[in-house]
Structures are given as structure tokens and as C-alpha cells.
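This report concerns only the one structure given below.
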Amino acid sequence: MSLNHTQARILVVEDEAIVARDVLAQLEVLGYTPVGHATRGDEAVRLASELRPDLVLMDIALDGPMDGIEAAEILRTQFAPPVVFLTAFDADDTLARAKLTEPFGYLLKPFSERELRAALEMALYKYQVQIKLRESALHTQAILDNMLDGVITLSAQGLIESANPSACAMFGYAEPNLVGQTIGQLMNPAERSQHQDFLLHYQSRIETSIVCPLREVTGRRQDGNAFPLSLSVTQISRAGQITFIVITRDLSEQHDNAEEIHRLSFYDRLTELPNRRLLRDHVQQAVLNSARSGRHGALLLLDLDHFKQLNDTLGLDVGDLLLQQVAARLRAAVRESDRVARVGGDEFVVLLEALSAQAIEAATQAEVTANKILQLLSQPYTLREHACYSTPSLGIVVFQGAGESLDDLLKKADIAMYEAKNAGRNTLRFFDVAMQAAVIDHAERAADLKRAL
């Protein structure tokens, strides 16, 4: 509401007829608009409800069961117009009762026209200021209620005084159950004392300051579940009282998104095995480990015999099921320290580390694992209602020391794998020095054979 005194509509509550007549006359002279006159408290409440005046001039001493103070209290709780008391009494107990209704002024009878004008103008101004403050508070509260971030206020002792809906939802509490708790109640037990120390360190200061800059911590919900949380704490001082403002944000979705991006970047979506990109990192590390330890490693490349035929006859979705089951069997065939990856289509790679320092013994160890893979992958598969058989062809290259890249090892293993196909499939072959002299010829023949398949 924004109005000047000539716009103000005033209800007069006065049971002395002469005084009421004088007041109504003074209001008109001053340019105000009297909208009604009541002589009893209950009548004042009724008229205020019907007329909704901008201000009420209320005599304290009224005839009837309800005096002016009781009527003013009802108006304050129900309609909230500004009330200015009129009274011939200035007893302390009367003033004490009147203050409880939060009046906007107090005029002792008799009063002059000038005193009336000053009291009214001040009351209307204070009322307009109060409305603006209330609207501002409602605006701020609406923002807090609709913020995605949690906002928690703490006392100087670190006790929670308020929490917005987002904070309550974030931690799984109703606000009444949070108020009075310490902020440590919302933290991982290992971090609780640290947050309490922050508040104890800063509670003696009165200037606005950042107590805790934005950082990531572990929050704990009411049900005990932990979750990643960003948190910052600001200290402010109001009327000499310290308050801490805590801003929180649930990072669970952000972490999940980051994990999903990482998974899509480094893992095959269908089989959830490492992809070629992650395999490259594993091979580089395996080569470095081999150079340091002097022990051999081995890379096994395999693809599924007649996989294209299965896709053409039973469909791509059945082919995908076969690839998933092959991935599961490969994991079961190797040590926990070994790596299994899908490098594309029906091609899989198994990376073995920490084999023997002796080349022949290392090759034997790799062959044992390869035979286990051949045996497992040759077992029948149940793909929906279809009972299927599939066999792999497998090429092995053993390496030691630096100087080998993933591409180099894959080329060698690929040549050995197609030698296995030439030998009738469902078998394995090693890449050896004799093959090295014919790498180009083998690669060309392998490409031709692959196109034919």
C-alpha cells in the first residue's frame, strides 16, 4: 500500500459522543476520510472487518465486555490494520497491556489537532514501512523456499535455527526435527568435530566473513546414507548476535553424471568391459611394469567364429546377448589382476601380466589361460529360446620390456588369430619370430579372409 494522508480511511472507536464528534471533525479538517464510528469493542471488530479501514483510532476504555485493548488484539491477529490508542489513562499496567497489541501510536486525551496529525502521519508511515518489510521478507522466503540449494541458519553455538525445504529434503528431515540439532548431525561422523571447530573458532568475531569457503564434504541423511555434498559457511552479525549461514548442495547427480561420462568414455556400453581407449592405458602400464620387473606379459586377441552368420539368422539382439555372455565367461576365465576388453564387434582382448621372466615358461602360462578360454567359450549358450554354440579363434603375442604399443601388439595378435582360423578355427596360435618376416603378406591375407567371412 502506498498512500498519502488524504487517501487514508480511518475508523474511529470512541464511546464518548463529544470526544468522538471532535475527533471526526478534526479528521475532516486534516483531510482524512472517516469511514465509521464505533462505541464498543465488538462493534469495532465488526466494522473493521466490513470496512477494512487504513487506520483505527481506538479508545482504550470502552463500555461493554470488550475494551479497546482486547479489540485491538483481535484486529492485529485477524485484519492487521494500524491502531493508534486514545486514552485518558497513562497507568503503567494499561501501557503494558497496550504494548502487547503492537500499536502504531498512543495519544493522551485531551490532544491538539497538531498532535493528532503527527500521530496519524507517523502511524501511516510506519505501517507502510512495515508492509514493505513484510513483502520483502515474503519475497526472500519465497526465494529460499524454491531454491535448489539448501540454506541452513545456525546460532553462535552451532545449533540449527532454520532450514529451507531443499535442505530438509536433502537430508531427509522435517524442519522441526532439525531445529536445535548441531550441524555435525548432518555430516559424516569423521568430519563432525572439524565443522564444530570451525564455528568455535569464528564465533567470537562480529564482522561478516567467510568461515568455510565452498568445498566438498560427505553429508549424511536421516536414514544414515552418505552422499557427496558441497558446503560453504558465512558468518554475519545482526544486532550484535552472530549467525552462521550454511549453503549446501547435493552433488550426487553431478557425481553420477561424471561417473557415467567416465564409463561411456572408457567402457563398452553392451558388455561393460573396458574399451580400446582404456585398454591402451592398461597396455602402456603393462609394458612399463614388464620393463621394470623383467617379467613377460601376453596379449590374447580373439573373435567369434561365424558370428556374422548368427547375427544374420537370429538377429542382432541375439548376437548382443551372445557377446554379453562371452564377456562374462572371459572374466571367469582369467585372474583378478588380468584385463579383459572388447575392442569392437566380436573381438575381445585379454591382457595377462606378471608372467614368468623366461619366455618359454611365459608362453606356456599364456597358453594355459588361452586353452581355458577356448574350453569355456565352446560350451553351449542359451540365448532366449535358442540353444547356440559358438567357438573362438585366438591369437597370442608375448612381450617383454618397453617398445611395444597397443597397435603393435594388436597387429601381431591379429596375424596369429587368423593363422588359428586358417588352421580350422576353435584353436589358438602364437605370433613368433618366423611370422615377423611375413607380417605384410599375412596382414594382406588376413584382410582378404576377414572380408570373405
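Chain labels follow the order of the C-alpha cells: the first chain is A, the next B, and so on; residue numbering restarts at 1 in every chain, and ligands are counted from 1 in their shown order.
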When you look at Gly180 in chain A with a cut-off of 9 Å (counting only C-alpha atoms), what residues show up, excluding the ones that are within fewer than 6 positions of it in the same chain? I need them as a list in words. Leu159, Ile160, Glu161 and Ser162 of chain A
Could the residues in this selection be saved with N, CA, C and O atoms as a PDB file, in the first residue's frame?
```
ATOM      1  N   LEU A 159      23.953 -24.359  16.695  1.00  0.00           N
ATOM      2  CA  LEU A 159      22.687 -25.077  16.674  1.00  0.00           C
ATOM      3  C   LEU A 159      21.833 -24.587  15.505  1.00  0.00           C
ATOM      4  O   LEU A 159      21.790 -23.384  15.216  1.00  0.00           O
ATOM      5  N   ILE A 160      21.148 -25.508  14.847  1.00  0.00           N
ATOM      6  CA  ILE A 160      20.326 -25.164  13.693  1.00  0.00           C
ATOM      7  C   ILE A 160      19.100 -24.384  14.147  1.00  0.00           C
ATOM      8  O   ILE A 160      18.364 -24.814  15.035  1.00  0.00           O
ATOM      9  N   GLU A 161      18.901 -23.209  13.540  1.00  0.00           N
ATOM     10  CA  GLU A 161      17.738 -22.380  13.862  1.00  0.00           C
ATOM     11  C   GLU A 161      16.658 -22.479  12.795  1.00  0.00           C
ATOM     12  O   GLU A 161      15.473 -22.328  13.095  1.00  0.00           O
ATOM     13  N   SER A 162      17.057 -22.688  11.534  1.00  0.00           N
ATOM     14  CA  SER A 162      16.072 -22.822  10.461  1.00  0.00           C
ATOM     15  C   SER A 162      16.705 -23.584   9.302  1.00  0.00           C
ATOM     16  O   SER A 162      17.927 -23.671   9.188  1.00  0.00           O
TER      17      SER A 162
END
```
Determine, counting only C-alpha atoms, which protein, DNA and RNA residues have an atom within 6 Å of an atom of Ser230 in chain A; residues of the same chain fewer than 5 positions away are not included. Present the result as a ChimeraX atom specification. /A:215-216,248-249
Generate a file of the selected residues that holds C-alpha atoms, formatted as a PDB file, in the first residue's frame.
```pdb
ATOM      1  CA  ARG A 215      34.294 -27.259  -0.504  1.00  0.00           C
ATOM      2  CA  GLU A 216      33.156 -30.837  -0.873  1.00  0.00           C
ATOM      3  CA  THR A 248      24.578 -26.861   0.854  1.00  0.00           C
ATOM      4  CA  ARG A 249      24.171 -28.643  -2.474  1.00  0.00           C
TER       5      ARG A 249
END
```
Neighbour list for range 95-105 of chain A as a ChimeraX atom specification, cut-off 12 Å, only C-alpha atoms, skip fewer than 2 positions in-chain: /A:55-61,67-77,80-93,107-108,115-130
With a distance cut-off of 10 Å and only C-alpha atoms, select the neighbouring residues of range 20-24 of chain A, excluding the residue or stretch itself and same-chain residues fewer than 2 positions from it, and output the selection as a ChimeraX atom specification. /A:10-18,26-30,32-39,57,59,111-113,116
If you run DSSP on the backbone here, which positions in range 120-302 of chain A get strand (DSSP E or B)? Please write them as a compact mmCIF listing (two decimals) with N, CA, C and O atoms, in the first residue's frame.
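Saved the output as part.txt:
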```txt
# COMPACT_ATOMS: atom_id res chain seq x y z
N GLY A 150 20.31 -26.02 -0.42
CA GLY A 150 19.86 -25.99 0.95
C GLY A 150 20.41 -24.77 1.67
O GLY A 150 21.57 -24.40 1.47
N VAL A 151 19.59 -24.11 2.47
CA VAL A 151 20.01 -22.95 3.26
C VAL A 151 19.68 -23.24 4.73
O VAL A 151 18.52 -23.47 5.07
N ILE A 152 20.70 -23.24 5.56
CA ILE A 152 20.54 -23.54 6.98
C ILE A 152 21.13 -22.40 7.78
O ILE A 152 22.23 -21.93 7.48
N THR A 153 20.42 -21.92 8.79
CA THR A 153 20.97 -20.90 9.68
C THR A 153 21.32 -21.55 11.01
O THR A 153 20.58 -22.40 11.52
N LEU A 154 22.45 -21.11 11.55
CA LEU A 154 22.95 -21.64 12.83
C LEU A 154 23.12 -20.51 13.83
O LEU A 154 23.47 -19.39 13.47
N LEU A 159 23.95 -24.36 16.70
CA LEU A 159 22.69 -25.08 16.67
C LEU A 159 21.83 -24.59 15.50
O LEU A 159 21.79 -23.38 15.22
N ILE A 160 21.15 -25.51 14.85
CA ILE A 160 20.33 -25.16 13.69
C ILE A 160 19.10 -24.38 14.15
O ILE A 160 18.36 -24.81 15.03
N GLU A 161 18.90 -23.21 13.54
CA GLU A 161 17.74 -22.38 13.86
C GLU A 161 16.66 -22.48 12.80
O GLU A 161 15.47 -22.33 13.09
N SER A 162 17.06 -22.69 11.53
CA SER A 162 16.07 -22.82 10.46
C SER A 162 16.70 -23.58 9.30
O SER A 162 17.93 -23.67 9.19
N ALA A 163 15.85 -24.14 8.45
CA ALA A 163 16.31 -24.85 7.26
C ALA A 163 15.23 -24.71 6.19
O ALA A 163 14.04 -24.86 6.49
N THR A 182 22.83 -29.90 16.04
CA THR A 182 24.08 -29.30 15.59
C THR A 182 24.28 -29.62 14.11
O THR A 182 23.75 -30.61 13.60
N MET A 187 26.60 -34.30 9.04
CA MET A 187 27.89 -34.59 8.44
C MET A 187 28.29 -36.03 8.69
O MET A 187 27.79 -36.69 9.60
N SER A 209 32.03 -12.52 7.44
CA SER A 209 33.21 -13.18 6.89
C SER A 209 32.85 -14.57 6.42
O SER A 209 31.86 -15.15 6.85
N ILE A 210 33.69 -15.09 5.53
CA ILE A 210 33.54 -16.46 5.08
C ILE A 210 34.23 -17.37 6.09
O ILE A 210 35.44 -17.32 6.27
N VAL A 211 33.46 -18.16 6.78
CA VAL A 211 34.02 -19.10 7.75
C VAL A 211 34.60 -20.30 7.04
O VAL A 211 35.70 -20.77 7.34
N CYS A 212 33.85 -20.82 6.07
CA CYS A 212 34.27 -22.01 5.34
C CYS A 212 33.96 -21.79 3.86
O CYS A 212 32.80 -21.75 3.48
N PRO A 213 34.97 -21.60 3.01
CA PRO A 213 34.72 -21.43 1.58
C PRO A 213 34.16 -22.72 0.99
O PRO A 213 34.21 -23.79 1.61
N LEU A 214 33.59 -22.60 -0.19
CA LEU A 214 32.95 -23.75 -0.84
C LEU A 214 33.92 -24.92 -0.94
O LEU A 214 35.01 -24.80 -1.45
N ARG A 215 33.48 -26.06 -0.42
CA ARG A 215 34.29 -27.26 -0.50
C ARG A 215 33.39 -28.48 -0.46
O ARG A 215 32.21 -28.38 -0.11
N GLU A 216 33.94 -29.61 -0.82
CA GLU A 216 33.16 -30.84 -0.87
C GLU A 216 33.38 -31.66 0.39
O GLU A 216 34.51 -31.86 0.82
N VAL A 217 32.27 -32.09 0.97
CA VAL A 217 32.32 -32.92 2.18
C VAL A 217 31.37 -34.11 1.97
O VAL A 217 30.75 -34.25 0.92
N THR A 218 31.26 -34.93 2.97
CA THR A 218 30.33 -36.05 2.93
C THR A 218 29.18 -35.78 3.87
O THR A 218 29.37 -35.63 5.07
N GLY A 219 27.96 -35.66 3.32
CA GLY A 219 26.78 -35.45 4.13
C GLY A 219 26.19 -36.79 4.55
O GLY A 219 26.54 -37.84 4.01
N ARG A 220 25.29 -36.73 5.53
CA ARG A 220 24.63 -37.96 5.99
C ARG A 220 23.15 -37.68 6.18
O ARG A 220 22.77 -36.76 6.90
N ALA A 226 25.18 -41.94 3.23
CA ALA A 226 26.13 -40.86 2.98
C ALA A 226 26.00 -40.41 1.53
O ALA A 226 25.63 -41.19 0.65
N PHE A 227 26.31 -39.14 1.28
CA PHE A 227 26.25 -38.61 -0.09
C PHE A 227 27.22 -37.44 -0.21
O PHE A 227 27.53 -36.76 0.77
N PRO A 228 27.73 -37.19 -1.44
CA PRO A 228 28.65 -36.06 -1.64
C PRO A 228 27.91 -34.74 -1.55
O PRO A 228 26.79 -34.60 -2.05
N LEU A 229 28.52 -33.77 -0.92
CA LEU A 229 27.85 -32.52 -0.60
C LEU A 229 28.83 -31.37 -0.73
O LEU A 229 29.97 -31.46 -0.26
N SER A 230 28.41 -30.28 -1.38
CA SER A 230 29.21 -29.05 -1.33
C SER A 230 28.65 -28.17 -0.23
O SER A 230 27.44 -28.12 -0.01
N LEU A 231 29.55 -27.46 0.46
CA LEU A 231 29.14 -26.70 1.64
C LEU A 231 29.97 -25.44 1.76
O LEU A 231 31.18 -25.45 1.51
N SER A 232 29.31 -24.34 2.09
CA SER A 232 30.02 -23.11 2.44
C SER A 232 29.32 -22.49 3.65
O SER A 232 28.12 -22.66 3.83
N VAL A 233 30.09 -21.79 4.47
CA VAL A 233 29.55 -21.18 5.69
C VAL A 233 29.96 -19.71 5.72
O VAL A 233 31.14 -19.39 5.56
N THR A 234 28.98 -18.84 5.92
CA THR A 234 29.22 -17.41 6.06
C THR A 234 28.74 -16.95 7.42
O THR A 234 27.68 -17.37 7.88
N GLN A 235 29.53 -16.10 8.06
CA GLN A 235 29.15 -15.55 9.37
C GLN A 235 28.66 -14.13 9.20
O GLN A 235 29.27 -13.31 8.50
N ILE A 236 27.51 -13.81 9.80
CA ILE A 236 27.01 -12.44 9.78
C ILE A 236 26.67 -12.04 11.21
O ILE A 236 26.54 -12.89 12.10
N SER A 237 26.54 -10.73 11.41
CA SER A 237 26.17 -10.23 12.74
C SER A 237 24.92 -9.37 12.59
O SER A 237 24.86 -8.47 11.75
N ARG A 238 23.91 -9.68 13.41
CA ARG A 238 22.68 -8.90 13.42
C ARG A 238 22.38 -8.48 14.84
O ARG A 238 22.21 -9.33 15.72
N GLN A 241 24.37 -10.10 17.43
CA GLN A 241 24.26 -11.55 17.57
C GLN A 241 24.86 -12.23 16.33
O GLN A 241 24.56 -11.85 15.20
N ILE A 242 25.67 -13.22 16.56
CA ILE A 242 26.31 -13.94 15.46
C ILE A 242 25.35 -15.00 14.91
O ILE A 242 24.70 -15.72 15.66
N THR A 243 25.28 -15.05 13.60
CA THR A 243 24.52 -16.09 12.90
C THR A 243 25.40 -16.66 11.80
O THR A 243 26.13 -15.93 11.13
N PHE A 244 25.34 -17.96 11.62
CA PHE A 244 26.06 -18.62 10.53
C PHE A 244 25.06 -19.05 9.46
O PHE A 244 24.03 -19.66 9.78
N ILE A 245 25.35 -18.73 8.21
CA ILE A 245 24.53 -19.13 7.07
C ILE A 245 25.27 -20.25 6.35
O ILE A 245 26.38 -20.05 5.86
N VAL A 246 24.64 -21.42 6.26
CA VAL A 246 25.25 -22.59 5.62
C VAL A 246 24.51 -22.86 4.31
O VAL A 246 23.28 -23.02 4.31
N ILE A 247 25.25 -22.87 3.21
CA ILE A 247 24.67 -23.19 1.90
C ILE A 247 25.16 -24.59 1.50
O ILE A 247 26.37 -24.85 1.50
N THR A 248 24.22 -25.48 1.19
CA THR A 248 24.58 -26.86 0.85
C THR A 248 24.00 -27.23 -0.51
O THR A 248 22.96 -26.70 -0.92
N ARG A 249 24.68 -28.13 -1.19
CA ARG A 249 24.17 -28.64 -2.47
C ARG A 249 24.50 -30.12 -2.58
O ARG A 249 25.64 -30.54 -2.36
N ASP A 250 23.49 -30.91 -2.91
CA ASP A 250 23.66 -32.35 -3.10
C ASP A 250 24.38 -32.60 -4.42
O ASP A 250 23.89 -32.21 -5.48
N TYR A 267 34.45 -47.51 -21.16
CA TYR A 267 33.87 -48.85 -21.08
C TYR A 267 32.87 -49.08 -22.21
O TYR A 267 32.18 -48.15 -22.65
N PRO A 274 36.18 -52.86 -20.38
CA PRO A 274 36.99 -51.75 -20.88
C PRO A 274 36.99 -51.72 -22.41
O PRO A 274 36.96 -52.78 -23.06
N GLY A 297 54.63 -60.33 -20.33
CA GLY A 297 53.19 -60.18 -20.39
C GLY A 297 52.71 -60.82 -21.68
O GLY A 297 53.52 -61.19 -22.54
N ALA A 298 51.42 -60.94 -21.84
CA ALA A 298 50.87 -61.51 -23.07
C ALA A 298 49.55 -60.84 -23.40
O ALA A 298 48.77 -60.48 -22.51
N LEU A 299 49.32 -60.64 -24.69
CA LEU A 299 48.06 -60.09 -25.17
C LEU A 299 47.38 -61.15 -26.03
O LEU A 299 47.98 -61.67 -26.99
N LEU A 300 46.15 -61.50 -25.68
CA LEU A 300 45.37 -62.51 -26.39
C LEU A 300 44.24 -61.81 -27.12
O LEU A 300 43.43 -61.11 -26.49
N LEU A 301 44.17 -61.98 -28.43
CA LEU A 301 43.11 -61.40 -29.25
C LEU A 301 42.25 -62.54 -29.78
O LEU A 301 42.77 -63.51 -30.34
N LEU A 302 40.93 -62.41 -29.61
CA LEU A 302 40.05 -63.46 -30.11
C LEU A 302 38.82 -62.85 -30.74
O LEU A 302 38.40 -61.74 -30.39
```
My list of candidates is A:Ser393, A:Gln222, A:Gln254, A:Gln284. Which is closest to Leu374 in chain A when distances are computed with only C-alpha atoms?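 Closest to Leu374 in chain A, using only C-alpha atoms: A:Ser393.
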Name the closest residue to Leu351 in chain A among the candidates A:Leu288, A:Ala416, A:Leu383, A:Leu279; distances are taken between atoms, counting only C-alpha atoms. A:Leu279
Can you tell me which residues surround Leu273 in chain A at a distance of at most 9 Å, considering only C-alpha atoms, apart from same-chain residues fewer than 2 positions away, and format the answer as a VMD selection string? chain A and resid 266 to 271 275 327 340 to 342
Selection file, N, CA, C and O atoms, as a PDB file, in the first residue's frame:
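result-v3.pdb was written with the following content:
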```pdb
ATOM      1  N   PHE A 266      35.308 -44.914 -21.313  1.00  0.00           N
ATOM      2  CA  PHE A 266      36.328 -45.953 -21.130  1.00  0.00           C
ATOM      3  C   PHE A 266      35.774 -47.377 -21.101  1.00  0.00           C
ATOM      4  O   PHE A 266      36.562 -48.315 -21.027  1.00  0.00           O
ATOM      5  N   TYR A 267      34.447 -47.506 -21.164  1.00  0.00           N
ATOM      6  CA  TYR A 267      33.873 -48.845 -21.083  1.00  0.00           C
ATOM      7  C   TYR A 267      32.874 -49.077 -22.210  1.00  0.00           C
ATOM      8  O   TYR A 267      32.183 -48.151 -22.653  1.00  0.00           O
ATOM      9  N   ASP A 268      32.818 -50.308 -22.660  1.00  0.00           N
ATOM     10  CA  ASP A 268      31.881 -50.713 -23.695  1.00  0.00           C
ATOM     11  C   ASP A 268      30.470 -50.759 -23.107  1.00  0.00           C
ATOM     12  O   ASP A 268      30.245 -51.379 -22.070  1.00  0.00           O
ATOM     13  N   ARG A 269      29.530 -50.100 -23.753  1.00  0.00           N
ATOM     14  CA  ARG A 269      28.177 -49.991 -23.225  1.00  0.00           C
ATOM     15  C   ARG A 269      27.491 -51.357 -23.129  1.00  0.00           C
ATOM     16  O   ARG A 269      26.783 -51.642 -22.168  1.00  0.00           O
ATOM     17  N   LEU A 270      27.693 -52.233 -24.125  1.00  0.00           N
ATOM     18  CA  LEU A 270      26.982 -53.505 -24.168  1.00  0.00           C
ATOM     19  C   LEU A 270      27.493 -54.487 -23.116  1.00  0.00           C
ATOM     20  O   LEU A 270      26.717 -55.094 -22.370  1.00  0.00           O
ATOM     21  N   THR A 271      28.804 -54.669 -23.033  1.00  0.00           N
ATOM     22  CA  THR A 271      29.385 -55.698 -22.168  1.00  0.00           C
ATOM     23  C   THR A 271      29.923 -55.147 -20.855  1.00  0.00           C
ATOM     24  O   THR A 271      30.253 -55.916 -19.948  1.00  0.00           O
ATOM     25  N   ASN A 275      36.982 -50.515 -22.973  1.00  0.00           N
ATOM     26  CA  ASN A 275      37.035 -50.397 -24.425  1.00  0.00           C
ATOM     27  C   ASN A 275      38.480 -50.210 -24.885  1.00  0.00           C
ATOM     28  O   ASN A 275      39.428 -50.284 -24.094  1.00  0.00           O
ATOM     29  N   ALA A 327      31.518 -62.128 -22.685  1.00  0.00           N
ATOM     30  CA  ALA A 327      32.235 -61.233 -21.767  1.00  0.00           C
ATOM     31  C   ALA A 327      32.246 -61.808 -20.353  1.00  0.00           C
ATOM     32  O   ALA A 327      33.278 -61.787 -19.663  1.00  0.00           O
ATOM     33  N   VAL A 340      40.334 -57.781 -19.274  1.00  0.00           N
ATOM     34  CA  VAL A 340      39.528 -58.230 -20.411  1.00  0.00           C
ATOM     35  C   VAL A 340      38.888 -56.989 -21.025  1.00  0.00           C
ATOM     36  O   VAL A 340      38.351 -56.136 -20.310  1.00  0.00           O
ATOM     37  N   ALA A 341      38.945 -56.870 -22.342  1.00  0.00           N
ATOM     38  CA  ALA A 341      38.396 -55.697 -23.023  1.00  0.00           C
ATOM     39  C   ALA A 341      37.688 -56.137 -24.300  1.00  0.00           C
ATOM     40  O   ALA A 341      37.991 -57.179 -24.882  1.00  0.00           O
ATOM     41  N   ARG A 342      36.729 -55.325 -24.713  1.00  0.00           N
ATOM     42  CA  ARG A 342      36.103 -55.507 -26.027  1.00  0.00           C
ATOM     43  C   ARG A 342      36.590 -54.375 -26.912  1.00  0.00           C
ATOM     44  O   ARG A 342      36.407 -53.199 -26.590  1.00  0.00           O
TER      45      ARG A 342
END
```
Distance query Leu428 in chain A at most 12 Å, only C-alpha atoms, self and fewer than 3 positions along chain excluded, as a PyMOL selection string: chain A and resi 300-303+366-375+391-397+413-425+431
Considering only C-alpha atoms, return as a list in words whatever protein or nucleic-acid residues lie within 10 Å of Ser390 in chain A, sequence-local ones (same chain, fewer than 4 positions apart) excluded.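 Non-adjacent residues within range: Leu304, Asp305, His306, Phe307, Leu310, Leu322, Val326, Leu377, Ser378, Gln379, Pro380, Tyr381 and Asn426 of chain A.
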Next, the residues of the selection above should be written as a short mmCIF file (atom, residue, chain, number, x, y, z; two decimals), in the first residue's frame with all heavy atoms.
```cif
data_model
loop_
_atom_site.label_atom_id
_atom_site.label_comp_id
_atom_site.auth_asym_id
_atom_site.auth_seq_id
_atom_site.Cartn_x
_atom_site.Cartn_y
_atom_site.Cartn_z
N LEU A 304 34.85 -64.35 -32.54
CA LEU A 304 33.95 -65.49 -32.53
C LEU A 304 33.78 -66.02 -33.95
O LEU A 304 33.51 -65.25 -34.89
CB LEU A 304 32.60 -65.10 -31.94
CG LEU A 304 32.67 -64.47 -30.54
CD1 LEU A 304 31.27 -64.09 -30.07
CD2 LEU A 304 33.32 -65.42 -29.55
N ASP A 305 33.93 -67.30 -34.10
CA ASP A 305 33.79 -67.93 -35.41
C ASP A 305 32.33 -67.86 -35.87
O ASP A 305 31.40 -68.17 -35.12
CB ASP A 305 34.23 -69.40 -35.34
CG ASP A 305 35.69 -69.53 -34.89
OD1 ASP A 305 36.49 -68.64 -35.22
OD2 ASP A 305 36.01 -70.53 -34.19
N HIS A 306 32.15 -67.45 -37.13
CA HIS A 306 30.83 -67.41 -37.78
C HIS A 306 29.84 -66.51 -37.02
O HIS A 306 28.62 -66.76 -37.04
CB HIS A 306 30.24 -68.83 -37.88
CG HIS A 306 31.16 -69.81 -38.55
ND1 HIS A 306 31.60 -69.65 -39.85
CD2 HIS A 306 31.73 -70.96 -38.10
CE1 HIS A 306 32.40 -70.65 -40.17
NE2 HIS A 306 32.50 -71.47 -39.12
N PHE A 307 30.34 -65.46 -36.39
CA PHE A 307 29.44 -64.57 -35.65
C PHE A 307 28.48 -63.85 -36.58
O PHE A 307 27.31 -63.65 -36.26
CB PHE A 307 30.26 -63.56 -34.84
CG PHE A 307 29.43 -62.61 -34.03
CD1 PHE A 307 28.75 -63.04 -32.91
CD2 PHE A 307 29.31 -61.27 -34.39
CE1 PHE A 307 27.97 -62.17 -32.15
CE2 PHE A 307 28.53 -60.40 -33.65
CZ PHE A 307 27.87 -60.84 -32.53
N LEU A 310 25.45 -65.92 -37.26
CA LEU A 310 24.48 -65.92 -36.17
C LEU A 310 23.64 -64.65 -36.19
O LEU A 310 22.42 -64.69 -36.00
CB LEU A 310 25.21 -66.06 -34.83
CG LEU A 310 24.33 -66.13 -33.57
CD1 LEU A 310 24.89 -67.12 -32.57
CD2 LEU A 310 24.21 -64.75 -32.91
N LEU A 322 24.80 -62.93 -26.99
CA LEU A 322 25.97 -63.80 -27.05
C LEU A 322 27.22 -63.04 -26.61
O LEU A 322 28.03 -63.55 -25.82
CB LEU A 322 26.16 -64.34 -28.46
CG LEU A 322 27.43 -65.18 -28.68
CD1 LEU A 322 27.43 -66.42 -27.78
CD2 LEU A 322 27.58 -65.57 -30.15
N VAL A 326 29.67 -64.03 -23.58
CA VAL A 326 31.10 -64.25 -23.83
C VAL A 326 31.92 -63.39 -22.87
O VAL A 326 32.91 -63.86 -22.28
CB VAL A 326 31.45 -63.92 -25.28
CG1 VAL A 326 32.97 -63.82 -25.47
CG2 VAL A 326 30.88 -64.99 -26.22
N LEU A 377 34.41 -70.89 -23.74
CA LEU A 377 33.62 -70.25 -24.80
C LEU A 377 33.00 -71.27 -25.74
O LEU A 377 32.07 -70.94 -26.50
CB LEU A 377 34.47 -69.26 -25.59
CG LEU A 377 35.05 -68.07 -24.81
CD1 LEU A 377 35.59 -67.02 -25.77
CD2 LEU A 377 34.00 -67.44 -23.90
N SER A 378 33.49 -72.50 -25.73
CA SER A 378 32.93 -73.54 -26.61
C SER A 378 31.73 -74.23 -26.00
O SER A 378 31.07 -75.04 -26.67
CB SER A 378 34.02 -74.57 -26.93
OG SER A 378 35.10 -73.97 -27.62
N GLN A 379 31.43 -73.94 -24.74
CA GLN A 379 30.26 -74.54 -24.10
C GLN A 379 28.98 -73.95 -24.72
O GLN A 379 28.97 -72.82 -25.20
CB GLN A 379 30.28 -74.26 -22.60
CG GLN A 379 31.48 -74.87 -21.88
CD GLN A 379 31.51 -76.39 -22.00
OE1 GLN A 379 30.50 -77.06 -21.78
NE2 GLN A 379 32.67 -76.93 -22.36
N PRO A 380 27.87 -74.67 -24.71
CA PRO A 380 26.64 -74.17 -25.33
C PRO A 380 26.11 -72.91 -24.62
O PRO A 380 26.31 -72.72 -23.42
CB PRO A 380 25.67 -75.34 -25.20
CG PRO A 380 26.21 -76.20 -24.11
CD PRO A 380 27.71 -76.04 -24.16
N TYR A 381 25.41 -72.09 -25.39
CA TYR A 381 24.80 -70.86 -24.89
C TYR A 381 23.28 -70.97 -25.01
O TYR A 381 22.77 -71.57 -25.97
CB TYR A 381 25.25 -69.64 -25.69
CG TYR A 381 26.73 -69.35 -25.62
CD1 TYR A 381 27.62 -69.98 -26.50
CD2 TYR A 381 27.24 -68.43 -24.72
CE1 TYR A 381 28.99 -69.71 -26.45
CE2 TYR A 381 28.60 -68.15 -24.66
CZ TYR A 381 29.46 -68.79 -25.53
OH TYR A 381 30.80 -68.52 -25.48
N ASN A 426 38.45 -72.42 -33.70
CA ASN A 426 38.35 -73.01 -32.37
C ASN A 426 39.70 -73.52 -31.89
O ASN A 426 39.82 -74.58 -31.30
CB ASN A 426 37.33 -74.15 -32.35
CG ASN A 426 36.98 -74.57 -30.92
OD1 ASN A 426 37.14 -73.79 -29.97
ND2 ASN A 426 36.54 -75.81 -30.75
#
```
